[in-house]
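Engineer: Handing you this structure, nothing more for now.
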Amino acid sequence: MSHALRRWLVMNLMSYTIFVYVGIFVNLFIWEKNRLISEVAWYNLLVYFSWSFAFAAAAYLLTRATVRLLLGISAFAGGSAFLILSFLELDNRLLWIALIGAAVGVMYGFFSAAQNLSVSMSGTSAELGQYFSAAASIQQAVTLAIPLLSAAIIMYFGYSGTFALMLVFVVCMLVFSFAMPKISMKAGKDDSPRPSTLGWLWRELLRKPGLRWFSASNLAAGVFLQFQQLFLLLFTFSVTENKFWIAALNGLYTLATLGGLFVYRKYGLKDSTFLMLGCLLIAGGFLIVLVPAKPLLIVSNLLTAVGMFCFGAAWNTLQFKWIKPYSEAGQAKLLVWRETLICVTRIATLLIVMSVDDFRSPIFVVLIGVSVLCLLAVPYFEYRARKTLEPDRAKVGLPSALEAE
């Protein structure tokens, strides 16, 4: 694995600490006030709305600066979110939630752009699977430790203690950003004007069927990714609001996920096989919640947690391998396109979720059905995207890692 990717793993350790805390306890902090699904959905809606714009802005900035600036802006936005949580309280609760969501979304968007664009430029096709597997391992270790630590701090010092701790990690993230590789897409010898992103994408969509399948995969993924992320938390909150129990359940999900990591490394499954395994586990987790029993909500979360590890490791690897043959400018455009498509369907899903009152409502059942259909469509879309590369492989010298499995 390249030196640049190793530095990204260190950055992931710090950033995931913040992201894991935000993903659980900021959502819980908002939920505890009125216990409304709509308020949590509103927060997440603003997160992904601002995320999509932040990602596009970050890709643009990368043509004029390095990833260090992007990481600095991400850290600043994260710090702003924790300062709002610590010191600002508005009478208009929806506006207060929107401010937090926007700051968190900017943090996610700039970090995601910095990481994805850097990884696509730094690693070889063979290294991508190693990187995403290692990053997933770090994430699982952090996911196991941080909720327990946060629960203990909240018990003795309240939420303000954890907000202060996260500000320390934000500062560490900001300081380490100066040690990151100076990766950029600044114009080099070729200063010729580049076509606009939309114009380039339109021509590529017309010219390459594979890009259409790649796009369909991302649109479908956005639906069930958002459903799984939001309801994993809400299912847990509906069983208990005790911080230690939430942390313990989260640890249980993480240990189950480590089982998926063991299978991935021991048996060396093909990415397409691992992707299908993940989809089947997630689909089972979604469908089991139709049975009205609280313990089954925990079983659902266990299945979807393992499934999401399998899906994420395989799907991200396949997507980045597909993007890898493009030029740096082309990779940047495709990654912006990818992030935009995912955020569009995430936002659409959240708009529907805002009208869900409980887990037995007809809208919720329809959401499960749509999420399962989108989930099971992803392996097919990925298969078609890879198949379209075969006729052109010999012409463009695509790496062997892109060959259909």
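The chains in the structure tokens are called A, B, ... from first to last as shown; in each chain the residues are counted from 1, and the ligands are counted from 1 in the order shown.
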Using only C-alpha atoms, which residues sit within 10 Å of Trp213 of chain A once same-chain residues fewer than 6 positions away are excluded, as number ranges by chain?

Structural biologist: A: 205, 219, 378, 380-386, 388

Engineer: Tell me, counting only C-alpha atoms, for each residue of segment 106-174 of chain A within 12 Å of segment 264-269 of chain A, which pair of atoms is nearest and how far apart they are in Å to one decimal, in rows ordered by chain and increasing number, as JSON lines.

Structural biologist:
```
{"residue": "A:Gly129", "atom": "CA", "partner": "A:Tyr264", "partner_atom": "CA", "distance": 10.8}
{"residue": "A:Gln130", "atom": "CA", "partner": "A:Arg265", "partner_atom": "CA", "distance": 10.1}
{"residue": "A:Phe132", "atom": "CA", "partner": "A:Tyr264", "partner_atom": "CA", "distance": 11.9}
{"residue": "A:Ser133", "atom": "CA", "partner": "A:Tyr264", "partner_atom": "CA", "distance": 8.8}
{"residue": "A:Ala134", "atom": "CA", "partner": "A:Arg265", "partner_atom": "CA", "distance": 10.8}
{"residue": "A:Ala136", "atom": "CA", "partner": "A:Tyr264", "partner_atom": "CA", "distance": 11.5}
{"residue": "A:Ser137", "atom": "CA", "partner": "A:Arg265", "partner_atom": "CA", "distance": 11.3}
```

Engineer: Under the rule of at most 10 Å, produce a per-residue listing of segment 218-250 of chain A near segment 151-174 of chain A: chain, number, name, the closest pair of atoms, and the distance in Å, as CSV, using only C-alpha atoms.

Structural biologist:
```
residue,atom,partner,partner_atom,distance
A:Asn242,CA,A:Ala151,CA,8.8
A:Lys243,CA,A:Ala151,CA,5.2
A:Phe244,CA,A:Ala151,CA,5.6
A:Trp245,CA,A:Ala151,CA,9.0
A:Ile246,CA,A:Ala151,CA,8.5
A:Ala247,CA,A:Ala151,CA,6.9
A:Ala248,CA,A:Ala151,CA,9.7
```

Engineer: How far is it from atom CA of Glu241 of chain A to atom CA of Gly78 of chain A, in Å with one decimal?

Structural biologist: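 Distance between the two atoms: 25.0 Å.
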
Engineer: For a quick check of understanding, using only C-alpha atoms, which of A:Thr236, A:Thr317, A:Ser86, A:Thr273 has the smallest distance to Leu302 of chain A?

Structural biologist: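 Using only C-alpha atoms, the shortest distance to Leu302 of chain A belongs to A:Thr236.
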
Engineer: What is the atom CA of Tyr108 of chain A-atom CA of Leu70 of chain A distance in Å, reported with one decimal?

Structural biologist: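 Atom CA of Tyr108 of chain A sits 10.7 Å away from atom CA of Leu70 of chain A.
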
Engineer: Apply DSSP to the structure's backbone, then extract all residues of segment 64-225 of chain A labelled helix (DSSP H, G or I) and return them as a ChimeraX atom specification.

Structural biologist: /A:67-87,93-122,125-157,159-177,197-207,209-225

Engineer: Between A:Leu303, A:Ala283, A:Cys374, A:Leu351, which is the closest to Trp42 of chain A once you count only C-alpha atoms?

Structural biologist: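 When distances to Trp42 of chain A are compared using only C-alpha atoms, the smallest one comes from A:Leu351.
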
Engineer: So, counting only C-alpha atoms, which residue among A:Thr257, A:Gln228, A:Thr304, A:Thr345 is closest to Ser215 of chain A?

Structural biologist: A:Thr345

Engineer: With only C-alpha atoms as the atoms that count, which of A:Pro379, A:Gly259, A:Pro181, A:Pro209 lies nearest to Ser118 of chain A?

Structural biologist: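 Among A:Pro379, A:Gly259, A:Pro181, A:Pro209, it is A:Pro181 that comes nearest to Ser118 of chain A.
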
Engineer: Dump as a tab-separated table the rows for residues of segment 211-321 of chain A within 12 Å of segment 355-365 of chain A: closest atom pair and distance in Å with one decimal, only C-alpha atoms counted, ordered by chain and rising residue number.

Structural biologist:
```
residue	atom	partner	partner_atom	distance
A:Phe227	CA	A:Phe364	CA	10.0
A:Phe231	CA	A:Phe359	CA	9.6
A:Leu234	CA	A:Phe359	CA	9.7
A:Phe235	CA	A:Phe359	CA	8.9
A:Ser238	CA	A:Phe359	CA	9.8
A:Phe286	CA	A:Val365	CA	9.9
A:Leu287	CA	A:Val365	CA	9.2
A:Ile288	CA	A:Val365	CA	11.4
A:Val289	CA	A:Phe359	CA	8.5
A:Leu290	CA	A:Val365	CA	7.5
A:Val291	CA	A:Arg360	CA	9.6
A:Pro292	CA	A:Arg360	CA	8.1
A:Ala293	CA	A:Phe359	CA	11.0
A:Lys294	CA	A:Phe359	CA	10.9
A:Leu297	CA	A:Phe359	CA	10.6
```

Engineer: Those residues you just picked out, can you put them in a file as a tab-separated table (two decimals), in the first residue's frame with N, CA and C atoms?

Structural biologist:
```
chain	number	residue	atom	x	y	z
A	227	PHE	N	-32.04	4.54	4.06
A	227	PHE	CA	-33.02	3.80	4.87
A	227	PHE	C	-32.30	3.04	5.98
A	231	PHE	N	-32.70	4.10	10.01
A	231	PHE	CA	-33.53	3.23	10.82
A	231	PHE	C	-32.72	2.29	11.70
A	234	LEU	N	-32.85	4.52	14.65
A	234	LEU	CA	-34.19	4.66	15.22
A	234	LEU	C	-34.69	3.34	15.81
A	235	PHE	N	-34.34	2.20	15.18
A	235	PHE	CA	-34.72	0.92	15.77
A	235	PHE	C	-34.07	0.75	17.13
A	238	SER	N	-35.68	3.05	19.69
A	238	SER	CA	-37.02	2.62	20.06
A	238	SER	C	-36.99	1.47	21.07
A	286	PHE	N	-33.99	-5.97	6.49
A	286	PHE	CA	-35.10	-5.06	6.21
A	286	PHE	C	-36.45	-5.75	6.39
A	287	LEU	N	-36.56	-6.97	5.86
A	287	LEU	CA	-37.85	-7.65	5.85
A	287	LEU	C	-38.27	-8.15	7.22
A	288	ILE	N	-37.30	-8.46	8.08
A	288	ILE	CA	-37.64	-9.04	9.38
A	288	ILE	C	-38.34	-8.03	10.28
A	289	VAL	N	-38.17	-6.72	10.03
A	289	VAL	CA	-38.81	-5.72	10.89
A	289	VAL	C	-40.32	-5.66	10.66
A	290	LEU	N	-40.81	-6.33	9.62
A	290	LEU	CA	-42.26	-6.36	9.40
A	290	LEU	C	-42.96	-7.18	10.48
A	291	VAL	N	-42.20	-8.02	11.19
A	291	VAL	CA	-42.76	-8.77	12.32
A	291	VAL	C	-42.73	-7.86	13.54
A	292	PRO	N	-43.87	-7.58	14.17
A	292	PRO	CA	-43.94	-6.59	15.26
A	292	PRO	C	-43.41	-7.12	16.59
A	293	ALA	N	-42.08	-7.17	16.74
A	293	ALA	CA	-41.46	-7.60	18.00
A	293	ALA	C	-40.16	-6.84	18.17
A	294	LYS	N	-39.99	-6.18	19.31
A	294	LYS	CA	-38.80	-5.35	19.53
A	294	LYS	C	-37.49	-6.12	19.44
A	297	LEU	N	-35.98	-6.17	16.09
A	297	LEU	CA	-35.32	-4.96	15.61
A	297	LEU	C	-33.81	-5.07	15.80
```

Engineer: For the atom pair atom CA of Leu117 of chain A and atom CA of Lys387 of chain A, what is the interatomic distance in Å to one decimal place?

Structural biologist: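 Taking atom CA of Leu117 of chain A and atom CA of Lys387 of chain A, their separation equals 24.7 Å.
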